[in-house]
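As stored in work_29.cif (mmCIF, C-alpha atoms and all ligand atoms):
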data_input
loop_
_atom_site.label_atom_id
_atom_site.label_comp_id
_atom_site.auth_asym_id
_atom_site.auth_seq_id
_atom_site.Cartn_x
_atom_site.Cartn_y
_atom_site.Cartn_z
CA MET A 79 58.52 11.02 -92.58
CA ALA A 80 56.48 11.10 -95.77
CA LYS A 81 52.77 11.79 -95.76
CA ILE A 82 51.10 9.35 -98.11
CA PHE A 83 47.99 10.31 -100.07
CA CYS A 84 45.82 8.38 -102.46
CA VAL A 85 44.06 10.24 -105.25
CA ALA A 86 40.96 8.13 -105.69
CA ASN A 87 37.49 8.10 -107.20
CA GLN A 88 36.00 4.96 -108.72
CA LYS A 89 34.78 6.95 -111.70
CA GLY A 90 37.02 7.34 -114.73
CA GLY A 91 37.80 10.68 -116.34
CA VAL A 92 37.17 12.77 -113.22
CA GLY A 93 40.66 14.23 -113.02
CA LYS A 94 42.55 11.80 -110.76
CA THR A 95 45.66 11.60 -112.89
CA THR A 96 45.65 15.31 -113.69
CA THR A 97 45.40 16.04 -109.98
CA THR A 98 48.13 13.57 -109.02
CA VAL A 99 50.76 14.81 -111.48
CA ASN A 100 49.98 18.50 -111.00
CA LEU A 101 49.98 18.22 -107.23
CA ALA A 102 53.27 16.32 -107.44
CA ALA A 103 54.74 19.06 -109.62
CA GLY A 104 53.28 21.79 -107.42
CA LEU A 105 54.65 20.30 -104.20
CA THR A 106 58.03 19.90 -105.92
CA LYS A 107 57.99 23.58 -106.86
CA VAL A 108 57.43 24.61 -103.25
CA GLY A 109 60.48 22.58 -102.25
CA LYS A 110 58.98 19.26 -101.17
CA ARG A 111 60.47 15.86 -101.96
CA VAL A 112 57.83 13.86 -103.83
CA LEU A 113 57.34 10.27 -104.97
CA MET A 114 54.49 9.73 -107.43
CA VAL A 115 53.15 6.17 -107.52
CA ASP A 116 51.16 5.13 -110.59
CA LEU A 117 48.71 2.35 -109.64
CA ASP A 118 46.74 2.48 -112.90
CA PRO A 119 47.69 -0.04 -115.64
CA GLN A 120 46.90 2.70 -118.18
CA GLY A 121 50.14 4.36 -117.08
CA ASN A 122 48.84 7.87 -117.77
CA ALA A 123 50.46 9.37 -114.68
CA THR A 124 53.76 7.78 -115.73
CA MET A 125 53.58 9.20 -119.26
CA GLY A 126 52.30 12.50 -117.87
CA SER A 127 55.43 12.72 -115.72
CA ASN A 128 57.74 12.45 -118.74
CA ILE A 129 58.56 8.75 -118.23
CA ASP A 130 58.01 6.39 -121.18
CA LYS A 131 55.89 3.53 -119.87
CA ARG A 132 57.09 1.21 -122.66
CA ASN A 133 60.73 1.57 -121.64
CA MET A 134 60.83 0.73 -117.95
CA LYS A 135 62.98 -2.13 -116.69
CA LEU A 136 60.98 -2.38 -113.48
CA THR A 137 57.55 -1.07 -112.53
CA VAL A 138 55.20 -0.90 -109.56
CA TYR A 139 54.09 -4.39 -110.65
CA ASP A 140 57.48 -5.79 -109.58
CA VAL A 141 57.18 -3.94 -106.28
CA LEU A 142 53.71 -5.39 -105.56
CA LEU A 143 54.96 -8.89 -106.34
CA GLU A 144 57.99 -8.26 -104.13
CA SER A 145 60.50 -9.00 -106.86
CA ALA A 146 61.98 -5.48 -106.61
CA SER A 147 62.22 -2.67 -104.05
CA ILE A 148 60.98 0.87 -104.58
CA LYS A 149 64.58 2.12 -104.43
CA GLU A 150 65.49 -0.10 -107.38
CA THR A 151 62.32 0.65 -109.31
CA LYS A 152 61.74 4.38 -108.99
CA ILE A 153 62.75 6.61 -111.86
CA ARG A 154 63.66 10.27 -111.53
CA SER A 155 61.66 12.56 -113.80
CA GLU A 156 64.31 15.20 -114.50
CA LEU A 157 61.78 17.45 -116.19
CA CYS A 158 59.24 17.29 -113.36
CA GLY A 159 61.69 17.10 -110.46
CA TYR A 160 60.04 14.20 -108.64
CA ASP A 161 60.48 10.43 -108.50
CA VAL A 162 58.10 8.12 -110.31
CA LEU A 163 57.12 4.56 -109.50
CA GLY A 164 55.82 3.78 -112.96
CA ALA A 165 53.08 1.53 -114.28
CA ASN A 166 52.08 0.01 -117.59
CA ARG A 167 49.75 -2.70 -118.88
CA GLU A 168 51.69 -5.38 -117.04
CA LEU A 169 50.09 -4.10 -113.83
CA ALA A 170 46.68 -5.37 -114.95
CA GLY A 171 48.00 -8.89 -114.30
CA ALA A 172 48.88 -8.10 -110.69
CA GLU A 173 45.23 -8.25 -109.71
CA VAL A 174 45.06 -11.94 -110.61
CA GLU A 175 48.53 -12.84 -109.39
CA LEU A 176 47.97 -11.28 -105.98
CA VAL A 177 44.77 -13.25 -105.33
CA HIS A 178 46.52 -16.23 -103.77
CA LEU A 179 49.09 -14.30 -101.80
CA GLU A 180 48.92 -13.46 -98.13
CA ARG A 181 48.33 -9.90 -96.98
CA ARG A 182 47.98 -8.98 -100.61
CA GLU A 183 46.38 -5.61 -99.85
CA MET A 184 49.41 -4.56 -97.76
CA ARG A 185 52.08 -4.95 -100.41
CA LEU A 186 52.47 -1.29 -101.29
CA LYS A 187 52.37 -0.20 -97.66
CA LYS A 188 55.14 -2.63 -96.80
CA ALA A 189 57.30 -1.51 -99.72
CA LEU A 190 56.85 2.18 -98.91
CA ARG A 191 58.22 1.71 -95.38
CA ALA A 192 61.74 1.50 -96.77
CA VAL A 193 61.56 4.93 -98.44
CA LYS A 194 59.35 6.94 -96.11
CA ASP A 195 62.24 9.08 -94.91
CA ASP A 196 63.34 9.92 -98.45
CA TYR A 197 60.22 11.97 -99.21
CA ASP A 198 57.89 14.59 -97.77
CA PHE A 199 54.94 13.42 -99.87
CA VAL A 200 53.98 10.21 -101.61
CA LEU A 201 51.07 10.61 -104.03
CA ILE A 202 49.31 7.53 -105.37
CA ASP A 203 47.27 7.72 -108.58
CA CYS A 204 44.53 5.07 -108.35
CA PRO A 205 42.72 3.29 -111.16
CA PRO A 206 38.99 3.97 -111.73
CA SER A 207 37.76 1.02 -109.68
CA LEU A 208 37.65 -0.21 -106.12
CA SER A 209 40.00 -3.07 -107.00
CA MET A 210 42.90 -4.80 -105.24
CA LEU A 211 45.17 -2.12 -106.69
CA THR A 212 43.10 0.69 -105.20
CA LEU A 213 42.90 -1.27 -101.95
CA ASN A 214 46.72 -1.37 -101.85
CA GLY A 215 46.69 2.39 -102.26
CA LEU A 216 44.12 2.91 -99.49
CA CYS A 217 45.95 0.59 -97.09
CA ALA A 218 49.23 2.42 -97.66
CA ALA A 219 47.81 5.93 -97.31
CA ASN A 220 47.29 8.39 -94.46
CA GLY A 221 44.50 10.02 -96.38
CA VAL A 222 42.50 10.22 -99.56
CA ILE A 223 42.13 13.15 -101.94
CA VAL A 224 38.94 12.85 -103.98
CA PRO A 225 38.79 14.88 -107.18
CA MET A 226 35.26 15.37 -108.44
CA GLN A 227 33.27 17.24 -111.03
CA CYS A 228 30.31 19.22 -109.81
CA GLU A 229 27.72 17.26 -111.74
CA TYR A 230 24.27 16.00 -110.98
CA PHE A 231 25.26 12.50 -109.84
CA ALA A 232 28.41 13.62 -108.05
CA LEU A 233 27.13 13.11 -104.52
CA GLU A 234 25.56 9.77 -105.35
CA GLY A 235 28.80 8.52 -106.85
CA LEU A 236 30.63 9.41 -103.66
CA THR A 237 28.64 6.97 -101.52
CA ASP A 238 30.48 3.85 -102.72
CA LEU A 239 33.85 5.47 -102.23
CA VAL A 240 32.99 6.80 -98.78
CA ASN A 241 31.74 3.34 -97.73
CA THR A 242 34.89 1.67 -99.01
CA ILE A 243 37.04 4.16 -97.15
CA LYS A 244 35.02 3.51 -93.96
CA GLN A 245 35.51 -0.24 -94.33
CA VAL A 246 39.22 0.09 -94.95
CA HIS A 247 39.43 2.39 -91.95
CA ALA A 248 37.57 -0.11 -89.73
CA ASN A 249 39.36 -3.27 -90.86
CA LEU A 250 42.70 -2.52 -92.42
CA ASN A 251 44.01 0.99 -91.89
CA LYS A 252 43.07 2.96 -88.77
CA GLU A 253 44.88 6.05 -90.04
CA LEU A 254 42.87 6.44 -93.21
CA SER A 255 40.58 9.41 -93.63
CA ILE A 256 39.32 11.63 -96.40
CA ILE A 257 41.63 14.63 -96.50
CA GLY A 258 39.34 16.47 -98.81
CA LEU A 259 37.17 16.71 -101.88
CA LEU A 260 38.70 18.70 -104.71
CA ARG A 261 36.36 20.36 -107.16
CA VAL A 262 37.89 20.01 -110.63
CA MET A 263 37.02 21.03 -114.20
CA TYR A 264 34.88 23.67 -112.60
CA ASP A 265 32.94 26.16 -114.71
CA PRO A 266 31.14 28.81 -112.63
CA ARG A 267 29.11 29.89 -115.67
CA ILE A 268 27.17 26.64 -115.40
CA THR A 269 24.46 27.13 -112.77
CA LEU A 270 24.22 23.43 -111.99
CA GLN A 271 27.92 23.30 -111.13
CA VAL A 272 27.55 26.18 -108.71
CA GLN A 273 24.56 24.45 -107.09
CA VAL A 274 26.36 21.12 -106.73
CA SER A 275 29.44 22.90 -105.40
CA ASN A 276 27.29 24.55 -102.71
CA GLN A 277 25.65 21.21 -101.89
CA LEU A 278 29.08 19.67 -101.46
CA LYS A 279 30.06 22.39 -99.00
CA ASP A 280 26.80 22.00 -97.06
CA HIS A 281 27.25 18.26 -96.87
CA PHE A 282 31.00 17.90 -96.31
CA GLY A 283 31.94 21.24 -94.74
CA ASN A 284 35.67 21.75 -94.33
CA LYS A 285 36.32 18.43 -96.06
CA VAL A 286 35.92 20.40 -99.27
CA PHE A 287 39.19 22.04 -100.27
CA ASP A 288 39.08 25.83 -100.64
CA THR A 289 40.94 25.62 -103.91
CA VAL A 290 38.83 25.05 -106.99
CA ILE A 291 40.42 23.79 -110.23
CA PRO A 292 38.84 25.44 -113.28
CA ARG A 293 38.27 23.73 -116.59
CA ASN A 294 41.34 24.79 -118.52
CA VAL A 295 42.49 23.53 -121.90
CA ARG A 296 46.20 23.85 -121.04
CA LEU A 297 45.77 21.17 -118.35
CA ALA A 298 44.27 18.87 -120.98
CA GLU A 299 47.03 19.63 -123.51
CA ALA A 300 49.94 19.10 -121.13
CA PRO A 301 49.83 15.24 -121.11
CA SER A 302 50.48 15.14 -124.86
CA TYR A 303 53.76 16.91 -124.09
CA GLY A 304 54.48 14.36 -121.35
CA GLN A 305 54.19 16.87 -118.53
CA PRO A 306 51.88 18.20 -115.85
CA GLY A 307 50.30 21.57 -116.68
CA VAL A 308 52.19 23.10 -113.76
CA THR A 309 55.52 22.57 -115.57
CA PHE A 310 54.19 22.82 -119.15
CA ASP A 311 52.52 26.21 -118.75
CA PRO A 312 52.90 27.62 -115.24
CA GLN A 313 50.97 30.78 -116.15
CA ALA A 314 47.80 28.97 -117.20
CA LYS A 315 44.80 29.43 -114.90
CA GLY A 316 44.59 25.69 -114.26
CA SER A 317 48.29 25.44 -113.39
CA GLN A 318 48.04 28.36 -110.99
CA ALA A 319 45.07 26.68 -109.33
CA TYR A 320 47.08 23.49 -108.83
CA MET A 321 49.94 25.56 -107.34
CA GLU A 322 47.40 27.06 -104.94
CA PHE A 323 46.18 23.55 -104.15
CA ALA A 324 49.74 22.42 -103.37
CA THR A 325 50.06 25.31 -100.91
CA GLU A 326 46.70 24.46 -99.36
CA MET A 327 47.78 20.82 -98.92
CA VAL A 328 51.00 21.84 -97.21
CA LYS A 329 49.02 24.08 -94.83
CA ARG A 330 46.45 21.39 -94.07
CA ILE A 331 49.04 18.77 -93.34
CA ILE A 332 51.35 20.68 -91.05
P1 LIG B 1 41.12 10.18 -114.44
O1 LIG B 1 42.53 9.94 -114.08
O2 LIG B 1 40.21 10.33 -113.27
O3 LIG B 1 40.60 9.17 -115.43
P2 LIG B 1 42.14 12.43 -115.98
O4 LIG B 1 42.98 13.20 -115.04
O5 LIG B 1 42.84 11.53 -116.94
O6 LIG B 1 41.03 11.60 -115.20
O7 LIG B 1 41.23 13.47 -116.75
C1 LIG B 1 40.28 13.09 -117.74
C2 LIG B 1 40.40 14.03 -118.94
O8 LIG B 1 40.04 15.34 -118.55
C3 LIG B 1 41.80 14.13 -119.49
O9 LIG B 1 41.74 14.24 -120.88
C4 LIG B 1 42.36 15.40 -118.87
O10 LIG B 1 43.35 16.00 -119.66
C5 LIG B 1 41.11 16.26 -118.78
N1 LIG B 1 41.14 17.21 -117.66
C6 LIG B 1 41.38 16.93 -116.36
N2 LIG B 1 41.28 18.03 -115.59
C7 LIG B 1 40.98 19.06 -116.43
C8 LIG B 1 40.73 20.47 -116.26
N3 LIG B 1 40.79 21.04 -115.04
N4 LIG B 1 40.43 21.19 -117.36
C9 LIG B 1 40.35 20.62 -118.57
N5 LIG B 1 40.57 19.31 -118.81
C10 LIG B 1 40.88 18.53 -117.76
MG MG B 2 43.75 8.29 -114.48
#
Would you mind writing the file's structure down as structure tokens?
Amino acid sequence: MAKIFCVANQKGGVGKTTTTVNLAAGLTKVGKRVLMVDLDPQGNATMGSNIDKRNMKLTVYDVLLESASIKETKIRSELCGYDVLGANRELAGAEVELVHLERREMRLKKALRAVKDDYDFVLIDCPPSLSMLTLNGLCAANGVIVPMQCEYFALEGLTDLVNTIKQVHANLNKELSIIGLLRVMYDPRITLQVQVSNQLKDHFGNKVFDTVIPRNVRLAEAPSYGQPGVTFDPQAKGSQAYMEFATEMVKRII
């Protein structure tokens, strides 16, 4: 049965999408069956998995509105080796359209039930907000992976997310917990980053993943080639770090 993880942080540009697609590619490379769900109307995780967001017959939007199943909607990324439940701008409308519907935060969870035996991992890329879309991700998930940069306001920014996760845990999804905080775009030459990294470990202990993802230009270049860094340039430092992260995730989960 698939383990379902949300990659979430209400801040934009912190490495959610990069983490989602590289972890998906990394888990695929170690032999796991992966479904990547794009819950961000920007569709970056879709494009970054070699699927053209402008050319999809069905998207995660249709799944949330229950006009299509995941089996019908998913697209195989031949290049990346995993399945993609894609998103594009259309998904922005779902927020409004879901408002009047019952159990609107449970739509993704319900849809995933039908495919949970087809995968080892489902990874959900969340938008940079604590919206109805993110709530669907959190309700469907067993756990949350939180990518974060080791910057001055990092801990402060975490409070809202941690509170939301607590509320979802209390009211909607008893299984939900933070799997771990992933330090990304890390540069050990910057003293402040080392300090914040140490603070994170003091504060969150083993909830901080051992793996650290360095700042690496190849990871930033890969999306323009429609791929995760892990497939685009497996030798790059950043790609190797994401491979290490995939291995750490597998160990933590079993
Ligand atoms: P989010 O999904 O949280 O908005 P992204 O994953 O899109 O964040 O990352 C924001 C930007 O930072 C992107 O341009 C991405 O290519 C770049 N980036 C992400 N991780 C790294 C890294 N480890 N090294 C260098 N650039 C990175
Ligand atoms: Mg993103």
Please, which residues in region 285-324 of chain A fall within 12 Å of region 129-138 of chain A when counting all atoms listed in the file, and what is the closest atom pair and distance in Å to one decimal for each, ordered by chain then residue number, as CSV?
residue,atom,partner,partner_atom,distance
A:Pro301,CA,A:Ile129,CA,11.3
A:Tyr303,CA,A:Ile129,CA,11.1
A:Gly304,CA,A:Ile129,CA,7.6
A:Gln305,CA,A:Ile129,CA,9.2
A:Pro306,CA,A:Ile129,CA,11.8
Considering only C-alpha atoms, return as a ChimeraX atom specification whatever protein or nucleic-acid residues lie within 12 Å of Gly215 (chain A), sequence-local ones (same chain, fewer than 4 positions apart) excluded. /A:82-87,114-118,138,142,182-190,200-205,207-211,219-223,243,246,250-251,254
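For the pair CA of Ile331 (chain A) and atom N4 of ligand LIG 1 (chain B), the separation is 25.6 Å.
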Quote the spacing between CA of Glu326 (chain A) and CA of Thr289 (chain A) in Å to one decimal place. 7.4 Å
CA of Leu176 (chain A) to atom O4 of ligand LIG 1 (chain B), distance in Å rounded to a single decimal: 26.6 Å
Glu234 (chain A) surroundings by all atoms listed in the file, 12 Å radius, close-in-sequence under 4 positions cut, as a PyMOL selection string: chain A and resi 88-89+226+228-230+238-241+274+277-278
Measuring between only C-alpha atoms and all ligand atoms, which one of A:Gln273, A:Asn294, A:Thr242, A:Thr325 shows the shortest distance to ligand LIG 1 (chain B)?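 Smallest separation from ligand LIG 1 (chain B) among the options: A:Asn294.
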Between A:Cys217, A:Val290, A:Leu143, A:Val308, which residue has the minimum interatomic distance to Glu175 (chain A), considering only C-alpha atoms?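 Going through A:Cys217, A:Val290, A:Leu143, A:Val308 one by one, the smallest distance to Glu175 (chain A) is for A:Leu143.
Distances to Glu322 (chain A) were evaluated for A:Val92, A:Val174, A:Ile291, A:Leu259 using all atoms listed in the file, and the minimum falls at A:Ile291.
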How would you report the residues lying within 6 Å of ligand LIG 1 (chain B), as a list in words, if you count all atoms listed in the file?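 Residues lying within 6 Å of ligand LIG 1 (chain B): Gly90, Gly91, Val92, Gly93, Lys94, Thr95, Thr96, Val262, Met263, Ile291, Pro292, Arg293, Asn294, Val295, Leu297 and Ala298 of chain A.
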Given the choices A:Gly316, A:Val112, A:Arg330, A:Pro119, which gets closest to ligand MG 2 (chain B) if the distance is worked out from all atoms listed in the file? A:Pro119
7 Å contact set for Val162 (chain A), all atoms listed in the file, chain neighbours under 2 positions out, as JSON, numbers by chain: {"A": [113, 114, 115, 124, 152, 153, 154, 155, 160, 164]}
Centre and size of axis-aligned box enclosing region 151-170 of chain A plus 8 Å each side, as JSON:
{"center_x": 55.5, "center_y": 6.0, "center_z": -113.7, "size_x": 33.6, "size_y": 38.8, "size_z": 26.4}
Leaving out region 279-285 of chain A and any residue of its chain fewer than 6 positions from it, which residues lie within 9 Å of it when counting all atoms listed in the file, given as a ChimeraX atom specification? /A:256-260
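Of the listed residues (A:Leu270, A:Thr237, A:Arg191, A:Gly126), A:Gly126 comes nearest to ligand MG 2 (chain B); the distances count all atoms listed in the file.
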Have a look at A:Asn276, A:Asn166, A:Glu156, A:Tyr197 and name the one nearest to Leu105 (chain A); count all atoms listed in the file.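 Residue with the minimum atom-to-atom distance to Leu105 (chain A): A:Tyr197.
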